[in-house]
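K.L.:
My questions will all concern the structure given below.
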Amino acid sequence: MTKKKCVCIIPARKGSKRIKNKNTKNFFGKPLIYYSIKAAQKSKIFSKIIVSTDCEKIANISKKYGADVPFLRNKRLSNDKASTKSVLIDTIKKNNSKNIEFHCMIYPTAPLIKPQDLKKAFKLIRNRNVDCVITVCKYLNHPLRSFIIKNNFLQFKWKQFQKKNSQDLEELVHDSGNFYFFRTKEILEGKNFYPKKTLPYYLKIFNSVDIDNYDDLELAKRLFKRK
């Protein structure tokens with residue numbers, strides 16, 4: 001068996017403004033973070049699964065379901081202004097995994113993640129000369145044909161595209177907010193969260209809901225029931 005050279009980090013701070021206690025919210029009988037931990041475990045590609053949190057409750061739940069929580073995150077890295085990159089660097093240094101070739105970050109609010117997608121994305125970064133692989137989705141409606149509301153009336157934001165058919169416009173994708181694979185060196189030494197050599201890993205919308213608000217939560221519940 002090939003030696004595993006990837007560590008999984010799940011960042012899960014206590015504070016959440018739009019959905020209170022979001023990371024531990026009940027989702028079909030289990031706390032939301034459970035599903036990210038289990039997807040990581042079932043993929044069998046990680047040497048360790050670490051939850052970075054500032055909350056004892058999240059830490060205890062994460063340990064219960066098999067994740068490691070070797071420390072509680074510093075408060076200065078647990079507010080709205082703390083960057084995800086700084087949290088990753090903090091976890092890598094405290095875990096002493098700087099020499100592990102790859103790290104993966106999975107958000108704790110993505111219960112539709114499939115283990116096979118984690119395996120395929122990991123294979124992609126291992127086999128290509130790239131620094132990062134992130135999950136993306138196609139837009140359901142093309143953003144270049146967006147409206148703005150001005151004086152209570154709708155008008156095109158970009159009028160030069162109003163007569164264009166969506167299929168004739170350049171394809172655009174967005175970060176689906178599910179998981180990310182990085183070369184560890186790029187996290188520690190790179191300047192940006194999205195390195196220049198970043199490949200997309202496409203997810204279908206019904207496998208990629210990132211729960212930020214109650215509408216997302218309701219959508220995730222409906223899609224989960226259909227699985």
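Chain labels A, B, ... are given in the sequence in which chains occur in the structure tokens; within each chain residues are numbered consecutively from 1, and ligands are likewise numbered from 1 in the order shown.
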Skip region 139-149 of chain A itself and residues of its chain fewer than 6 positions away, then list as a list in words all residues within 10 Å of it, counting only C-alpha atoms.
P.N.:
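With the cut-off at 10 Å, the set is Gln155, Phe156, Lys157, Trp158, Lys159, Gln160, Phe161, Gln162, Lys163, Lys164, Asn165, Ser166, Gln167, Leu169, Glu170, Glu171, Leu172, Val173, His174 and Ile205 of chain A.
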K.L.:
Pick out the residues sitting within 7 Å of region 22-30 of chain A, and hand them over as number ranges by chain; count only C-alpha atoms, and ignore anything fewer than 5 positions along from it in its own chain.
P.N.:
A: 12, 16, 58, 108-109
K.L.:
Quick one: distance from CA of Leu88 (chain A) to CA of Leu124 (chain A) in Å, one decimal?
P.N.:
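Distance reported for this atom pair: 21.0 Å.
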K.L.:
When DSSP works through the backbone of this structure, what residues of region 66-136 of chain A end up as alpha helix (DSSP H), shown as a PDB file with all heavy atoms, in the first residue's frame?
P.N.:
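Listed below is the output, states_20.pdb:
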```
ATOM      1  N   THR A  84      -8.231  32.040   6.599  1.00  0.00           N
ATOM      2  CA  THR A  84      -8.159  30.579   6.550  1.00  0.00           C
ATOM      3  C   THR A  84      -6.720  30.114   6.415  1.00  0.00           C
ATOM      4  O   THR A  84      -6.307  29.132   7.028  1.00  0.00           O
ATOM      5  CB  THR A  84      -8.995  30.050   5.368  1.00  0.00           C
ATOM      6  OG1 THR A  84     -10.343  30.499   5.509  1.00  0.00           O
ATOM      7  CG2 THR A  84      -8.966  28.529   5.321  1.00  0.00           C
ATOM      8  N   LYS A  85      -5.946  30.842   5.630  1.00  0.00           N
ATOM      9  CA  LYS A  85      -4.537  30.484   5.435  1.00  0.00           C
ATOM     10  C   LYS A  85      -3.767  30.515   6.751  1.00  0.00           C
ATOM     11  O   LYS A  85      -2.967  29.621   7.037  1.00  0.00           O
ATOM     12  CB  LYS A  85      -3.895  31.431   4.420  1.00  0.00           C
ATOM     13  CG  LYS A  85      -2.462  31.071   4.023  1.00  0.00           C
ATOM     14  CD  LYS A  85      -1.960  32.042   2.973  1.00  0.00           C
ATOM     15  CE  LYS A  85      -0.505  31.785   2.613  1.00  0.00           C
ATOM     16  NZ  LYS A  85      -0.325  30.517   1.891  1.00  0.00           N
ATOM     17  N   SER A  86      -4.028  31.525   7.582  1.00  0.00           N
ATOM     18  CA  SER A  86      -3.331  31.616   8.872  1.00  0.00           C
ATOM     19  C   SER A  86      -3.713  30.454   9.790  1.00  0.00           C
ATOM     20  O   SER A  86      -2.878  29.964  10.565  1.00  0.00           O
ATOM     21  CB  SER A  86      -3.630  32.952   9.551  1.00  0.00           C
ATOM     22  OG  SER A  86      -5.000  33.064   9.883  1.00  0.00           O
ATOM     23  N   VAL A  87      -4.955  30.016   9.709  1.00  0.00           N
ATOM     24  CA  VAL A  87      -5.401  28.863  10.504  1.00  0.00           C
ATOM     25  C   VAL A  87      -4.698  27.590  10.032  1.00  0.00           C
ATOM     26  O   VAL A  87      -4.268  26.768  10.850  1.00  0.00           O
ATOM     27  CB  VAL A  87      -6.936  28.696  10.409  1.00  0.00           C
ATOM     28  CG1 VAL A  87      -7.384  27.398  11.064  1.00  0.00           C
ATOM     29  CG2 VAL A  87      -7.629  29.881  11.071  1.00  0.00           C
ATOM     30  N   LEU A  88      -4.571  27.418   8.715  1.00  0.00           N
ATOM     31  CA  LEU A  88      -3.880  26.259   8.176  1.00  0.00           C
ATOM     32  C   LEU A  88      -2.408  26.243   8.601  1.00  0.00           C
ATOM     33  O   LEU A  88      -1.886  25.206   9.037  1.00  0.00           O
ATOM     34  CB  LEU A  88      -3.978  26.249   6.652  1.00  0.00           C
ATOM     35  CG  LEU A  88      -5.361  26.002   6.052  1.00  0.00           C
ATOM     36  CD1 LEU A  88      -5.301  26.116   4.529  1.00  0.00           C
ATOM     37  CD2 LEU A  88      -5.907  24.649   6.455  1.00  0.00           C
ATOM     38  N   ILE A  89      -1.753  27.383   8.486  1.00  0.00           N
ATOM     39  CA  ILE A  89      -0.332  27.470   8.874  1.00  0.00           C
ATOM     40  C   ILE A  89      -0.168  27.148  10.354  1.00  0.00           C
ATOM     41  O   ILE A  89       0.738  26.396  10.750  1.00  0.00           O
ATOM     42  CB  ILE A  89       0.224  28.868   8.555  1.00  0.00           C
ATOM     43  CG1 ILE A  89       0.305  29.060   7.037  1.00  0.00           C
ATOM     44  CG2 ILE A  89       1.606  29.064   9.189  1.00  0.00           C
ATOM     45  CD1 ILE A  89       0.675  30.467   6.604  1.00  0.00           C
ATOM     46  N   ASP A  90      -1.040  27.690  11.184  1.00  0.00           N
ATOM     47  CA  ASP A  90      -0.997  27.437  12.626  1.00  0.00           C
ATOM     48  C   ASP A  90      -1.132  25.940  12.915  1.00  0.00           C
ATOM     49  O   ASP A  90      -0.378  25.378  13.726  1.00  0.00           O
ATOM     50  CB  ASP A  90      -2.114  28.217  13.309  1.00  0.00           C
ATOM     51  CG  ASP A  90      -2.213  27.936  14.800  1.00  0.00           C
ATOM     52  OD1 ASP A  90      -1.280  28.308  15.531  1.00  0.00           O
ATOM     53  OD2 ASP A  90      -3.236  27.344  15.222  1.00  0.00           O
ATOM     54  N   THR A  91      -2.067  25.285  12.246  1.00  0.00           N
ATOM     55  CA  THR A  91      -2.308  23.858  12.483  1.00  0.00           C
ATOM     56  C   THR A  91      -1.133  23.015  12.003  1.00  0.00           C
ATOM     57  O   THR A  91      -0.703  22.074  12.698  1.00  0.00           O
ATOM     58  CB  THR A  91      -3.596  23.409  11.767  1.00  0.00           C
ATOM     59  OG1 THR A  91      -4.675  24.254  12.160  1.00  0.00           O
ATOM     60  CG2 THR A  91      -3.933  21.967  12.123  1.00  0.00           C
ATOM     61  N   ILE A  92      -0.593  23.338  10.841  1.00  0.00           N
ATOM     62  CA  ILE A  92       0.540  22.588  10.300  1.00  0.00           C
ATOM     63  C   ILE A  92       1.744  22.682  11.228  1.00  0.00           C
ATOM     64  O   ILE A  92       2.406  21.675  11.527  1.00  0.00           O
ATOM     65  CB  ILE A  92       0.900  23.097   8.893  1.00  0.00           C
ATOM     66  CG1 ILE A  92      -0.209  22.726   7.900  1.00  0.00           C
ATOM     67  CG2 ILE A  92       2.241  22.527   8.422  1.00  0.00           C
ATOM     68  CD1 ILE A  92      -0.088  23.417   6.560  1.00  0.00           C
ATOM     69  N   LYS A  93       2.012  23.877  11.714  1.00  0.00           N
ATOM     70  CA  LYS A  93       3.172  24.064  12.598  1.00  0.00           C
ATOM     71  C   LYS A  93       2.990  23.344  13.934  1.00  0.00           C
ATOM     72  O   LYS A  93       3.905  22.687  14.430  1.00  0.00           O
ATOM     73  CB  LYS A  93       3.420  25.554  12.812  1.00  0.00           C
ATOM     74  CG  LYS A  93       3.979  26.260  11.578  1.00  0.00           C
ATOM     75  CD  LYS A  93       4.262  27.730  11.846  1.00  0.00           C
ATOM     76  CE  LYS A  93       4.899  28.390  10.636  1.00  0.00           C
ATOM     77  NZ  LYS A  93       5.170  29.841  10.859  1.00  0.00           N
ATOM     78  N   LYS A  94       1.791  23.449  14.503  1.00  0.00           N
ATOM     79  CA  LYS A  94       1.549  22.799  15.794  1.00  0.00           C
ATOM     80  C   LYS A  94       1.479  21.279  15.663  1.00  0.00           C
ATOM     81  O   LYS A  94       1.795  20.557  16.611  1.00  0.00           O
ATOM     82  CB  LYS A  94       0.271  23.350  16.418  1.00  0.00           C
ATOM     83  CG  LYS A  94       0.425  24.773  16.935  1.00  0.00           C
ATOM     84  CD  LYS A  94      -0.852  25.287  17.582  1.00  0.00           C
ATOM     85  CE  LYS A  94      -0.643  26.689  18.147  1.00  0.00           C
ATOM     86  NZ  LYS A  94      -1.889  27.261  18.709  1.00  0.00           N
ATOM     87  N   ASN A  95       1.074  20.812  14.503  1.00  0.00           N
ATOM     88  CA  ASN A  95       1.016  19.371  14.264  1.00  0.00           C
ATOM     89  C   ASN A  95       2.360  18.820  13.804  1.00  0.00           C
ATOM     90  O   ASN A  95       2.535  17.610  13.686  1.00  0.00           O
ATOM     91  CB  ASN A  95      -0.049  19.064  13.204  1.00  0.00           C
ATOM     92  CG  ASN A  95      -0.215  17.596  12.938  1.00  0.00           C
ATOM     93  OD1 ASN A  95      -0.425  16.812  13.854  1.00  0.00           O
ATOM     94  ND2 ASN A  95      -0.107  17.200  11.681  1.00  0.00           N
ATOM     95  N   PRO A 115     -16.583  10.520  -0.369  1.00  0.00           N
ATOM     96  CA  PRO A 115     -15.195  10.063  -0.230  1.00  0.00           C
ATOM     97  C   PRO A 115     -14.498   9.865  -1.568  1.00  0.00           C
ATOM     98  O   PRO A 115     -13.302  10.147  -1.691  1.00  0.00           O
ATOM     99  CB  PRO A 115     -15.347   8.728   0.518  1.00  0.00           C
ATOM    100  CG  PRO A 115     -16.629   8.857   1.263  1.00  0.00           C
ATOM    101  CD  PRO A 115     -17.527   9.667   0.377  1.00  0.00           C
ATOM    102  N   GLN A 116     -15.239   9.391  -2.581  1.00  0.00           N
ATOM    103  CA  GLN A 116     -14.609   9.153  -3.880  1.00  0.00           C
ATOM    104  C   GLN A 116     -14.146  10.448  -4.538  1.00  0.00           C
ATOM    105  O   GLN A 116     -13.176  10.460  -5.311  1.00  0.00           O
ATOM    106  CB  GLN A 116     -15.531   8.378  -4.822  1.00  0.00           C
ATOM    107  CG  GLN A 116     -16.903   8.974  -5.037  1.00  0.00           C
ATOM    108  CD  GLN A 116     -17.955   8.381  -4.127  1.00  0.00           C
ATOM    109  OE1 GLN A 116     -17.703   8.176  -2.944  1.00  0.00           O
ATOM    110  NE2 GLN A 116     -19.125   8.095  -4.687  1.00  0.00           N
ATOM    111  N   ASP A 117     -14.818  11.572  -4.243  1.00  0.00           N
ATOM    112  CA  ASP A 117     -14.361  12.853  -4.774  1.00  0.00           C
ATOM    113  C   ASP A 117     -13.056  13.276  -4.105  1.00  0.00           C
ATOM    114  O   ASP A 117     -12.175  13.845  -4.758  1.00  0.00           O
ATOM    115  CB  ASP A 117     -15.432  13.926  -4.589  1.00  0.00           C
ATOM    116  CG  ASP A 117     -16.564  13.783  -5.592  1.00  0.00           C
ATOM    117  OD1 ASP A 117     -16.279  13.533  -6.776  1.00  0.00           O
ATOM    118  OD2 ASP A 117     -17.736  13.914  -5.197  1.00  0.00           O
ATOM    119  N   LEU A 118     -12.933  13.012  -2.824  1.00  0.00           N
ATOM    120  CA  LEU A 118     -11.670  13.299  -2.127  1.00  0.00           C
ATOM    121  C   LEU A 118     -10.534  12.481  -2.738  1.00  0.00           C
ATOM    122  O   LEU A 118      -9.440  13.006  -2.983  1.00  0.00           O
ATOM    123  CB  LEU A 118     -11.803  12.979  -0.636  1.00  0.00           C
ATOM    124  CG  LEU A 118     -12.695  13.913   0.184  1.00  0.00           C
ATOM    125  CD1 LEU A 118     -12.971  13.312   1.558  1.00  0.00           C
ATOM    126  CD2 LEU A 118     -12.057  15.288   0.339  1.00  0.00           C
ATOM    127  N   LYS A 119     -10.795  11.220  -3.022  1.00  0.00           N
ATOM    128  CA  LYS A 119      -9.767  10.360  -3.595  1.00  0.00           C
ATOM    129  C   LYS A 119      -9.361  10.820  -4.997  1.00  0.00           C
ATOM    130  O   LYS A 119      -8.174  10.850  -5.335  1.00  0.00           O
ATOM    131  CB  LYS A 119     -10.264   8.910  -3.641  1.00  0.00           C
ATOM    132  CG  LYS A 119     -10.341   8.261  -2.271  1.00  0.00           C
ATOM    133  CD  LYS A 119     -10.541   6.763  -2.347  1.00  0.00           C
ATOM    134  CE  LYS A 119     -11.950   6.403  -2.695  1.00  0.00           C
ATOM    135  NZ  LYS A 119     -12.190   4.923  -2.579  1.00  0.00           N
ATOM    136  N   LYS A 120     -10.337  11.194  -5.800  1.00  0.00           N
ATOM    137  CA  LYS A 120     -10.041  11.636  -7.166  1.00  0.00           C
ATOM    138  C   LYS A 120      -9.271  12.953  -7.173  1.00  0.00           C
ATOM    139  O   LYS A 120      -8.349  13.139  -7.975  1.00  0.00           O
ATOM    140  CB  LYS A 120     -11.336  11.778  -7.954  1.00  0.00           C
ATOM    141  CG  LYS A 120     -12.012  10.457  -8.292  1.00  0.00           C
ATOM    142  CD  LYS A 120     -13.330  10.694  -9.010  1.00  0.00           C
ATOM    143  CE  LYS A 120     -14.041   9.387  -9.324  1.00  0.00           C
ATOM    144  NZ  LYS A 120     -15.367   9.625  -9.972  1.00  0.00           N
ATOM    145  N   ALA A 121      -9.652  13.876  -6.292  1.00  0.00           N
ATOM    146  CA  ALA A 121      -8.958  15.165  -6.233  1.00  0.00           C
ATOM    147  C   ALA A 121      -7.529  14.998  -5.731  1.00  0.00           C
ATOM    148  O   ALA A 121      -6.606  15.679  -6.201  1.00  0.00           O
ATOM    149  CB  ALA A 121      -9.733  16.126  -5.339  1.00  0.00           C
ATOM    150  N   PHE A 122      -7.335  14.093  -4.771  1.00  0.00           N
ATOM    151  CA  PHE A 122      -5.984  13.833  -4.260  1.00  0.00           C
ATOM    152  C   PHE A 122      -5.109  13.228  -5.356  1.00  0.00           C
ATOM    153  O   PHE A 122      -3.943  13.597  -5.528  1.00  0.00           O
ATOM    154  CB  PHE A 122      -6.065  12.897  -3.051  1.00  0.00           C
ATOM    155  CG  PHE A 122      -4.730  12.624  -2.405  1.00  0.00           C
ATOM    156  CD1 PHE A 122      -3.799  13.628  -2.212  1.00  0.00           C
ATOM    157  CD2 PHE A 122      -4.409  11.341  -1.980  1.00  0.00           C
ATOM    158  CE1 PHE A 122      -2.565  13.380  -1.607  1.00  0.00           C
ATOM    159  CE2 PHE A 122      -3.192  11.082  -1.370  1.00  0.00           C
ATOM    160  CZ  PHE A 122      -2.266  12.097  -1.189  1.00  0.00           C
ATOM    161  N   LYS A 123      -5.682  12.323  -6.127  1.00  0.00           N
ATOM    162  CA  LYS A 123      -4.945  11.727  -7.238  1.00  0.00           C
ATOM    163  C   LYS A 123      -4.550  12.790  -8.257  1.00  0.00           C
ATOM    164  O   LYS A 123      -3.449  12.755  -8.818  1.00  0.00           O
ATOM    165  CB  LYS A 123      -5.805  10.647  -7.905  1.00  0.00           C
ATOM    166  CG  LYS A 123      -5.098   9.896  -9.022  1.00  0.00           C
ATOM    167  CD  LYS A 123      -5.992   8.807  -9.593  1.00  0.00           C
ATOM    168  CE  LYS A 123      -5.282   8.046 -10.710  1.00  0.00           C
ATOM    169  NZ  LYS A 123      -6.148   6.963 -11.269  1.00  0.00           N
ATOM    170  N   LEU A 124      -5.419  13.750  -8.459  1.00  0.00           N
ATOM    171  CA  LEU A 124      -5.159  14.830  -9.420  1.00  0.00           C
ATOM    172  C   LEU A 124      -3.951  15.661  -9.008  1.00  0.00           C
ATOM    173  O   LEU A 124      -3.070  15.936  -9.823  1.00  0.00           O
ATOM    174  CB  LEU A 124      -6.400  15.716  -9.529  1.00  0.00           C
ATOM    175  CG  LEU A 124      -6.459  16.740 -10.654  1.00  0.00           C
ATOM    176  CD1 LEU A 124      -6.358  16.069 -12.012  1.00  0.00           C
ATOM    177  CD2 LEU A 124      -7.749  17.540 -10.556  1.00  0.00           C
ATOM    178  N   ILE A 125      -3.885  16.055  -7.732  1.00  0.00           N
ATOM    179  CA  ILE A 125      -2.757  16.898  -7.302  1.00  0.00           C
ATOM    180  C   ILE A 125      -1.460  16.096  -7.231  1.00  0.00           C
ATOM    181  O   ILE A 125      -0.371  16.636  -7.444  1.00  0.00           O
ATOM    182  CB  ILE A 125      -3.056  17.600  -5.958  1.00  0.00           C
ATOM    183  CG1 ILE A 125      -2.041  18.740  -5.730  1.00  0.00           C
ATOM    184  CG2 ILE A 125      -3.036  16.627  -4.782  1.00  0.00           C
ATOM    185  CD1 ILE A 125      -2.377  19.624  -4.549  1.00  0.00           C
ATOM    186  N   ARG A 126      -1.570  14.816  -6.962  1.00  0.00           N
ATOM    187  CA  ARG A 126      -0.365  13.977  -6.898  1.00  0.00           C
ATOM    188  C   ARG A 126       0.223  13.731  -8.282  1.00  0.00           C
ATOM    189  O   ARG A 126       1.444  13.608  -8.424  1.00  0.00           O
ATOM    190  CB  ARG A 126      -0.686  12.627  -6.240  1.00  0.00           C
ATOM    191  CG  ARG A 126      -0.945  12.712  -4.745  1.00  0.00           C
ATOM    192  CD  ARG A 126      -1.282  11.348  -4.178  1.00  0.00           C
ATOM    193  NE  ARG A 126      -0.154  10.433  -4.294  1.00  0.00           N
ATOM    194  CZ  ARG A 126      -0.212   9.133  -3.995  1.00  0.00           C
ATOM    195  NH1 ARG A 126      -1.347   8.588  -3.606  1.00  0.00           N
ATOM    196  NH2 ARG A 126       0.854   8.376  -4.099  1.00  0.00           N
ATOM    197  N   ASN A 127      -0.638  13.649  -9.284  1.00  0.00           N
ATOM    198  CA  ASN A 127      -0.179  13.257 -10.623  1.00  0.00           C
ATOM    199  C   ASN A 127       0.089  14.423 -11.563  1.00  0.00           C
ATOM    200  O   ASN A 127       0.573  14.213 -12.676  1.00  0.00           O
ATOM    201  CB  ASN A 127      -1.210  12.327 -11.278  1.00  0.00           C
ATOM    202  CG  ASN A 127      -1.312  10.991 -10.562  1.00  0.00           C
ATOM    203  OD1 ASN A 127      -0.441  10.626  -9.788  1.00  0.00           O
ATOM    204  ND2 ASN A 127      -2.392  10.271 -10.814  1.00  0.00           N
TER     205      ASN A 127
END
```
K.L.:
Taking only C-alpha atoms into account, which of A:Lys14, A:Lys5, A:Lys114, A:Lys196 comes nearest Ile37 (chain A)?
P.N.:
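Looking only at the distances to Ile37 (chain A), the closest residue turns out to be A:Lys114.
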K.L.:
Assign secondary structure with DSSP using the backbone only, and return the residues of region 16-216 of chain A in strand (DSSP E) as a ChimeraX atom specification.
P.N.:
/A:26-27,30-31,48-52,102-106,132-138,147-150,153-156,173-183,198-202
